[in-house]
file protein21.cif (mmCIF, C-alpha atoms)
data_coords
loop_
_atom_site.group_PDB
_atom_site.id
_atom_site.type_symbol
_atom_site.label_atom_id
_atom_site.label_comp_id
_atom_site.auth_asym_id
_atom_site.auth_seq_id
_atom_site.Cartn_x
_atom_site.Cartn_y
_atom_site.Cartn_z
ATOM 1 C CA MET A 214 83.746 160.496 102.320
ATOM 2 C CA ASP A 215 85.756 161.513 99.291
ATOM 3 C CA ILE A 216 84.854 159.604 96.128
ATOM 4 C CA GLU A 217 87.527 158.925 93.539
ATOM 5 C CA TRP A 218 85.512 159.565 90.401
ATOM 6 C CA THR A 219 87.477 157.673 87.732
ATOM 7 C CA PRO A 220 87.352 154.326 89.581
ATOM 8 C CA ALA A 221 83.721 154.972 90.525
ATOM 9 C CA LEU A 222 82.753 155.649 86.906
ATOM 10 C CA VAL A 223 84.677 152.642 85.564
ATOM 11 C CA ALA A 224 83.155 150.317 88.174
ATOM 12 C CA ALA A 225 79.658 151.676 87.551
ATOM 13 C CA ALA A 226 80.093 151.381 83.773
ATOM 14 C CA TRP A 227 81.300 147.782 84.203
ATOM 15 C CA ALA A 228 78.135 146.855 86.143
ATOM 16 C CA ILE A 229 75.717 148.844 83.978
ATOM 17 C CA ILE A 230 77.096 147.548 80.673
ATOM 18 C CA LEU A 231 77.042 143.935 81.882
ATOM 19 C CA GLY A 232 73.525 144.256 83.255
ATOM 20 C CA GLY A 233 72.205 146.077 80.197
ATOM 21 C CA ALA A 234 73.887 143.793 77.681
ATOM 22 C CA GLY A 235 72.700 140.726 79.569
ATOM 23 C CA GLY A 236 69.154 142.004 79.374
ATOM 24 C CA LEU A 237 69.421 142.849 75.679
ATOM 25 C CA LEU A 238 70.913 139.461 74.840
ATOM 26 C CA THR A 239 68.254 137.507 76.718
ATOM 27 C CA GLU A 240 65.313 136.561 74.536
ATOM 28 C CA ILE A 241 62.394 134.934 76.322
ATOM 29 C CA GLY A 242 60.747 133.702 73.131
ATOM 30 C CA ASP A 243 59.078 130.502 71.987
ATOM 31 C CA TRP A 244 62.331 128.534 71.857
ATOM 32 C CA TYR A 245 63.078 129.317 75.500
ATOM 33 C CA ARG A 246 59.471 128.864 76.645
ATOM 34 C CA ASN A 247 59.363 125.426 75.013
ATOM 35 C CA LEU A 248 62.499 124.146 76.754
ATOM 36 C CA ASN A 249 61.953 121.594 79.481
ATOM 37 C CA LYS A 250 63.020 123.251 82.739
ATOM 38 C CA PRO A 251 63.281 121.916 86.286
ATOM 39 C CA SER A 252 60.500 122.675 88.741
ATOM 40 C CA TRP A 253 62.976 124.574 90.942
ATOM 41 C CA GLN A 254 63.811 127.193 88.309
ATOM 42 C CA PRO A 255 63.035 130.679 89.651
ATOM 43 C CA PRO A 256 60.413 132.716 87.801
ATOM 44 C CA ASP A 257 61.743 134.665 84.810
ATOM 45 C CA TRP A 258 60.990 138.034 86.450
ATOM 46 C CA LEU A 259 63.480 137.282 89.262
ATOM 47 C CA PHE A 260 66.578 137.175 87.059
ATOM 48 C CA GLY A 261 66.650 140.917 86.241
ATOM 49 C CA PRO A 262 66.482 142.129 89.865
ATOM 50 C CA ALA A 263 68.906 139.406 91.005
ATOM 51 C CA TRP A 264 71.499 140.380 88.405
ATOM 52 C CA THR A 265 71.026 144.078 89.163
ATOM 53 C CA ILE A 266 71.848 143.514 92.838
ATOM 54 C CA ILE A 267 74.689 141.064 92.141
ATOM 55 C CA LEU A 268 76.394 143.261 89.549
ATOM 56 C CA GLY A 269 75.889 146.344 91.711
ATOM 57 C CA LEU A 270 77.648 144.624 94.618
ATOM 58 C CA SER A 271 80.438 143.386 92.349
ATOM 59 C CA GLY A 272 80.823 146.860 90.844
ATOM 60 C CA TRP A 273 81.168 148.233 94.370
ATOM 61 C CA SER A 274 83.855 145.597 95.033
ATOM 62 C CA PHE A 275 85.673 146.776 91.888
ATOM 63 C CA TYR A 276 85.699 150.330 93.242
ATOM 64 C CA LEU A 277 86.823 149.280 96.731
ATOM 65 C CA ALA A 278 89.642 147.074 95.461
ATOM 66 C CA TRP A 279 90.852 149.560 92.863
ATOM 67 C CA THR A 280 90.918 152.488 95.281
ATOM 68 C CA SER A 281 92.744 150.328 97.840
ATOM 69 C CA ALA A 282 95.443 149.257 95.379
ATOM 70 C CA THR A 283 98.782 150.810 96.254
ATOM 71 C CA THR A 284 100.774 150.067 93.100
ATOM 72 C CA LEU A 285 100.237 150.193 89.374
ATOM 73 C CA GLU A 286 100.743 146.411 89.307
ATOM 74 C CA ASP A 287 97.875 145.984 91.803
ATOM 75 C CA GLY A 288 95.635 148.144 89.636
ATOM 76 C CA ILE A 289 96.510 146.063 86.578
ATOM 77 C CA ILE A 290 95.732 142.822 88.431
ATOM 78 C CA ILE A 291 92.345 144.141 89.568
ATOM 79 C CA GLY A 292 91.553 145.505 86.111
ATOM 80 C CA ALA A 293 92.541 142.209 84.460
ATOM 81 C CA LEU A 294 90.342 140.204 86.842
ATOM 82 C CA PHE A 295 87.326 142.375 86.114
ATOM 83 C CA ALA A 296 88.081 142.445 82.365
ATOM 84 C CA ALA A 297 88.218 138.647 82.232
ATOM 85 C CA ASN A 298 85.019 138.420 84.241
ATOM 86 C CA PHE A 299 83.383 140.943 81.904
ATOM 87 C CA VAL A 300 84.185 138.800 78.847
ATOM 88 C CA PHE A 301 83.039 135.543 80.454
ATOM 89 C CA HIS A 302 79.890 137.109 81.874
ATOM 90 C CA LEU A 303 79.003 138.725 78.560
ATOM 91 C CA ALA A 304 79.550 135.504 76.568
ATOM 92 C CA TRP A 305 76.945 133.381 78.333
ATOM 93 C CA SER A 306 73.684 134.972 77.109
ATOM 94 C CA PRO A 307 74.499 134.883 73.373
ATOM 95 C CA LEU A 308 75.514 131.239 73.645
ATOM 96 C CA PHE A 309 72.336 130.272 75.453
ATOM 97 C CA PHE A 310 69.725 132.594 73.931
ATOM 98 C CA LYS A 311 71.054 133.810 70.554
ATOM 99 C CA ILE A 312 72.609 130.661 69.120
ATOM 100 C CA LYS A 313 70.377 128.438 71.271
ATOM 101 C CA ARG A 314 73.183 126.271 72.613
ATOM 102 C CA PRO A 315 72.703 125.685 76.338
ATOM 103 C CA ASP A 316 75.411 123.010 76.072
ATOM 104 C CA PHE A 317 77.984 125.596 74.923
ATOM 105 C CA ALA A 318 76.727 128.004 77.596
ATOM 106 C CA LEU A 319 77.247 125.303 80.222
ATOM 107 C CA VAL A 320 80.915 124.936 79.256
ATOM 108 C CA GLU A 321 81.319 128.715 79.207
ATOM 109 C CA ASN A 322 79.724 128.893 82.657
ATOM 110 C CA VAL A 323 82.760 127.065 84.079
ATOM 111 C CA PHE A 324 85.003 129.919 82.928
ATOM 112 C CA LEU A 325 82.565 132.496 84.308
ATOM 113 C CA TRP A 326 82.520 130.672 87.652
ATOM 114 C CA LEU A 327 86.329 130.563 87.752
ATOM 115 C CA SER A 328 86.503 134.296 87.014
ATOM 116 C CA VAL A 329 84.155 135.039 89.918
ATOM 117 C CA LEU A 330 86.122 132.689 92.177
ATOM 118 C CA ALA A 331 89.250 134.671 91.284
ATOM 119 C CA LEU A 332 87.469 137.869 92.376
ATOM 120 C CA CYS A 333 86.497 136.236 95.672
ATOM 121 C CA LEU A 334 90.036 135.009 96.336
ATOM 122 C CA VAL A 335 92.179 137.904 95.082
ATOM 123 C CA LEU A 336 90.192 141.019 96.018
ATOM 124 C CA PRO A 337 90.498 140.512 99.803
ATOM 125 C CA ARG A 338 94.223 141.334 99.378
ATOM 126 C CA TYR A 339 93.051 144.881 98.694
ATOM 127 C CA SER A 340 89.774 145.080 100.600
ATOM 128 C CA GLU A 341 88.216 142.314 102.662
ATOM 129 C CA LEU A 342 84.764 143.705 101.921
ATOM 130 C CA ALA A 343 85.488 143.627 98.173
ATOM 131 C CA GLY A 344 85.934 139.868 98.374
ATOM 132 C CA TRP A 345 82.761 139.351 100.383
ATOM 133 C CA LEU A 346 80.713 141.500 97.994
ATOM 134 C CA ASN A 347 81.250 138.818 95.331
ATOM 135 C CA VAL A 348 79.841 135.953 97.415
ATOM 136 C CA PRO A 349 76.300 136.544 96.053
ATOM 137 C CA TYR A 350 77.798 136.546 92.541
ATOM 138 C CA ILE A 351 79.539 133.181 92.905
ATOM 139 C CA SER A 352 76.482 131.754 94.661
ATOM 140 C CA TRP A 353 74.172 132.816 91.823
ATOM 141 C CA VAL A 354 76.583 131.629 89.103
ATOM 142 C CA SER A 355 76.847 128.274 90.915
ATOM 143 C CA PHE A 356 73.063 128.018 90.984
ATOM 144 C CA ALA A 357 72.888 129.103 87.331
ATOM 145 C CA PHE A 358 75.388 126.367 86.433
ATOM 146 C CA LEU A 359 73.157 123.727 88.041
ATOM 147 C CA LEU A 360 70.098 125.168 86.308
ATOM 148 C CA ASN A 361 71.928 125.260 82.949
ATOM 149 C CA LEU A 362 73.109 121.659 83.494
ATOM 150 C CA LYS A 363 69.569 120.475 84.203
ATOM 151 C CA ILE A 364 68.228 122.265 81.111
ATOM 152 C CA VAL A 365 70.892 120.544 79.001
ATOM 153 C CA GLN A 366 70.014 117.166 80.517
ATOM 154 C CA LEU A 367 66.277 117.666 79.963
ATOM 155 C CA ASN A 368 66.577 118.930 76.376
ATOM 156 C CA LYS A 369 69.653 117.402 74.726
ATOM 157 C CA PRO A 370 70.870 116.945 72.091
ATOM 158 C CA PHE A 371 71.425 120.485 70.802
ATOM 159 C CA GLY A 372 72.793 121.524 67.453
ATOM 160 C CA GLN A 373 71.939 118.380 65.494
ATOM 161 C CA ARG A 374 70.727 118.808 61.975
ATOM 162 C CA PRO A 375 67.587 116.950 60.942
ATOM 163 C CA ALA A 376 68.200 113.777 58.965
ATOM 164 C CA GLU A 377 67.907 114.230 55.221
ATOM 165 C CA ALA A 378 65.279 112.140 53.405
#

call {"tool": "encode", "arguments": {"input": "protein21.cif", "output": "structure tokens"}}
result
Amino acid sequence: MDIEWTPALVAAAWAIILGGAGGLLTEIGDWYRNLNKPSWQPPDWLFGPAWTIILGLSGWSFYLAWTSATTLEDGIIIGALFAANFVFHLAWSPLFFKIKRPDFALVENVFLWLSVLALCLVLPRYSELAGWLNVPYISWVSFAFLLNLKIVQLNKPFGQRPAEA
């Protein structure tokens, strides 16, 4: 098996940067611990391994699709899909954890979900396996949306200033 190194390095960097940045932007501090969460929320330790596997599979799909592209236009389409997904994926953690706005993160999650859906629908044009490798990603983002929604419902309102005396 001959590996094309540029696509492999770009795909690996995509997954590693997203995984690393997500971890750095996630603060499990008092604010988060004090949120009301549903009983069905997975334990905190599960999120790191889950994202590592999911982003690894999606990174592999990036490589497979890119190396199967036959035209420059195809490469641009694949790159644009993964670039959009990168932005939407990266935006969620700061909204939720840094500015403490699960309601904003919930809205952003819709765009993240749509970007993953685009990967699932477009990548099979280049590699059937590339599309299937993103099924865990869309499944997890769908679950995360429901979890985020429940956290918003249990803890709203967010972002209100205290009444002045």

call {"tool": "resolve_selection", "arguments": {"input": "protein21.cif", "expression": "the PyMOL selection byres ((chain A and resi 328-333) around 12)", "output": "short mmCIF file (atom, residue, chain, number, x, y, z; two decimals) with C-alpha atoms, in the frame of the given file"}}
result
data_model
loop_
_atom_site.label_atom_id
_atom_site.label_comp_id
_atom_site.auth_asym_id
_atom_site.auth_seq_id
_atom_site.Cartn_x
_atom_site.Cartn_y
_atom_site.Cartn_z
CA ILE A 267 74.69 141.06 92.14
CA LEU A 268 76.39 143.26 89.55
CA SER A 271 80.44 143.39 92.35
CA GLY A 272 80.82 146.86 90.84
CA SER A 274 83.86 145.60 95.03
CA PHE A 275 85.67 146.78 91.89
CA ALA A 278 89.64 147.07 95.46
CA ILE A 290 95.73 142.82 88.43
CA ILE A 291 92.34 144.14 89.57
CA GLY A 292 91.55 145.50 86.11
CA ALA A 293 92.54 142.21 84.46
CA LEU A 294 90.34 140.20 86.84
CA PHE A 295 87.33 142.38 86.11
CA ALA A 296 88.08 142.44 82.36
CA ALA A 297 88.22 138.65 82.23
CA ASN A 298 85.02 138.42 84.24
CA PHE A 299 83.38 140.94 81.90
CA VAL A 300 84.18 138.80 78.85
CA PHE A 301 83.04 135.54 80.45
CA HIS A 302 79.89 137.11 81.87
CA GLU A 321 81.32 128.72 79.21
CA ASN A 322 79.72 128.89 82.66
CA VAL A 323 82.76 127.06 84.08
CA PHE A 324 85.00 129.92 82.93
CA LEU A 325 82.56 132.50 84.31
CA TRP A 326 82.52 130.67 87.65
CA LEU A 327 86.33 130.56 87.75
CA LEU A 334 90.04 135.01 96.34
CA VAL A 335 92.18 137.90 95.08
CA LEU A 336 90.19 141.02 96.02
CA PRO A 337 90.50 140.51 99.80
CA ARG A 338 94.22 141.33 99.38
CA TYR A 339 93.05 144.88 98.69
CA SER A 340 89.77 145.08 100.60
CA GLU A 341 88.22 142.31 102.66
CA LEU A 342 84.76 143.71 101.92
CA ALA A 343 85.49 143.63 98.17
CA GLY A 344 85.93 139.87 98.37
CA TRP A 345 82.76 139.35 100.38
CA LEU A 346 80.71 141.50 97.99
CA ASN A 347 81.25 138.82 95.33
CA VAL A 348 79.84 135.95 97.42
CA PRO A 349 76.30 136.54 96.05
CA TYR A 350 77.80 136.55 92.54
CA ILE A 351 79.54 133.18 92.90
CA SER A 352 76.48 131.75 94.66
CA TRP A 353 74.17 132.82 91.82
CA VAL A 354 76.58 131.63 89.10
CA SER A 355 76.85 128.27 90.92
#

call {"tool": "resolve_selection", "arguments": {"input": "protein21.cif", "expression": "the PyMOL selection byres ((chain A and resi 220) around 12)", "output": "MDAnalysis selection string"}}
result
chainID A and resid 216:219 221:227 272:282 288 291:292

call {"tool": "residues_around", "arguments": {"input": "protein21.cif", "residues": "Trp253 in chain A", "least_positions_apart": "4", "cutoff": "12 Å", "atoms": "only C-alpha atoms", "output": "short mmCIF file (atom, residue, chain, number, x, y, z; two decimals) with C-alpha atoms, in the frame of the given file"}}
result
data_model
loop_
_atom_site.label_atom_id
_atom_site.label_comp_id
_atom_site.auth_asym_id
_atom_site.auth_seq_id
_atom_site.Cartn_x
_atom_site.Cartn_y
_atom_site.Cartn_z
CA ASN A 249 61.95 121.59 79.48
CA ASP A 257 61.74 134.66 84.81
CA PHE A 356 73.06 128.02 90.98
CA ALA A 357 72.89 129.10 87.33
CA LEU A 359 73.16 123.73 88.04
CA LEU A 360 70.10 125.17 86.31
CA LYS A 363 69.57 120.48 84.20
CA ILE A 364 68.23 122.26 81.11
#

call {"tool": "closest_residue", "arguments": {"input": "protein21.cif", "among": "A:Gly232, A:Thr283, A:Glu240, A:Tyr245", "to": "Ile266 in chain A", "atoms": "only C-alpha atoms"}}
result
A:Gly232

call {"tool": "resolve_selection", "arguments": {"input": "protein21.cif", "expression": "the PyMOL selection byres ((chain A and resi 236) around 12)", "output": "ChimeraX atom specification"}}
result
/A:229-235,237-241,257-258,260-265,303,305-307,310

call {"tool": "build_atoms", "arguments": {"input": "protein21.cif", "residues": "range 250-261 of chain A", "atoms": "N, CA and C atoms", "output": "PDB file, in the frame of the given file"}}
result
ATOM      1  N   LYS A 250      62.259 122.635  81.652  1.00  0.00           N
ATOM      2  CA  LYS A 250      63.020 123.251  82.739  1.00  0.00           C
ATOM      3  C   LYS A 250      62.649 122.566  84.049  1.00  0.00           C
ATOM      4  N   PRO A 251      63.579 122.559  85.005  1.00  0.00           N
ATOM      5  CA  PRO A 251      63.281 121.916  86.286  1.00  0.00           C
ATOM      6  C   PRO A 251      62.238 122.713  87.070  1.00  0.00           C
ATOM      7  N   SER A 252      61.545 122.026  87.940  1.00  0.00           N
ATOM      8  CA  SER A 252      60.500 122.675  88.741  1.00  0.00           C
ATOM      9  C   SER A 252      61.071 123.738  89.681  1.00  0.00           C
ATOM     10  N   TRP A 253      62.352 123.650  90.001  1.00  0.00           N
ATOM     11  CA  TRP A 253      62.976 124.574  90.942  1.00  0.00           C
ATOM     12  C   TRP A 253      63.564 125.810  90.276  1.00  0.00           C
ATOM     13  N   GLN A 254      63.330 125.979  88.968  1.00  0.00           N
ATOM     14  CA  GLN A 254      63.811 127.193  88.309  1.00  0.00           C
ATOM     15  C   GLN A 254      63.037 128.393  88.846  1.00  0.00           C
ATOM     16  N   PRO A 255      63.741 129.471  89.205  1.00  0.00           N
ATOM     17  CA  PRO A 255      63.035 130.679  89.651  1.00  0.00           C
ATOM     18  C   PRO A 255      62.189 131.259  88.518  1.00  0.00           C
ATOM     19  N   PRO A 256      61.204 132.069  88.856  1.00  0.00           N
ATOM     20  CA  PRO A 256      60.413 132.716  87.801  1.00  0.00           C
ATOM     21  C   PRO A 256      61.285 133.669  86.986  1.00  0.00           C
ATOM     22  N   ASP A 257      60.945 133.827  85.718  1.00  0.00           N
ATOM     23  CA  ASP A 257      61.743 134.665  84.810  1.00  0.00           C
ATOM     24  C   ASP A 257      61.926 136.084  85.338  1.00  0.00           C
ATOM     25  N   TRP A 258      60.910 136.650  85.987  1.00  0.00           N
ATOM     26  CA  TRP A 258      60.990 138.034  86.450  1.00  0.00           C
ATOM     27  C   TRP A 258      62.064 138.221  87.518  1.00  0.00           C
ATOM     28  N   LEU A 259      62.505 137.162  88.183  1.00  0.00           N
ATOM     29  CA  LEU A 259      63.480 137.282  89.262  1.00  0.00           C
ATOM     30  C   LEU A 259      64.900 137.527  88.757  1.00  0.00           C
ATOM     31  N   PHE A 260      65.205 137.091  87.547  1.00  0.00           N
ATOM     32  CA  PHE A 260      66.578 137.175  87.059  1.00  0.00           C
ATOM     33  C   PHE A 260      67.066 138.616  86.912  1.00  0.00           C
ATOM     34  N   GLY A 261      66.246 139.510  86.399  1.00  0.00           N
ATOM     35  CA  GLY A 261      66.650 140.917  86.241  1.00  0.00           C
ATOM     36  C   GLY A 261      67.013 141.569  87.569  1.00  0.00           C
TER      37      GLY A 261
END
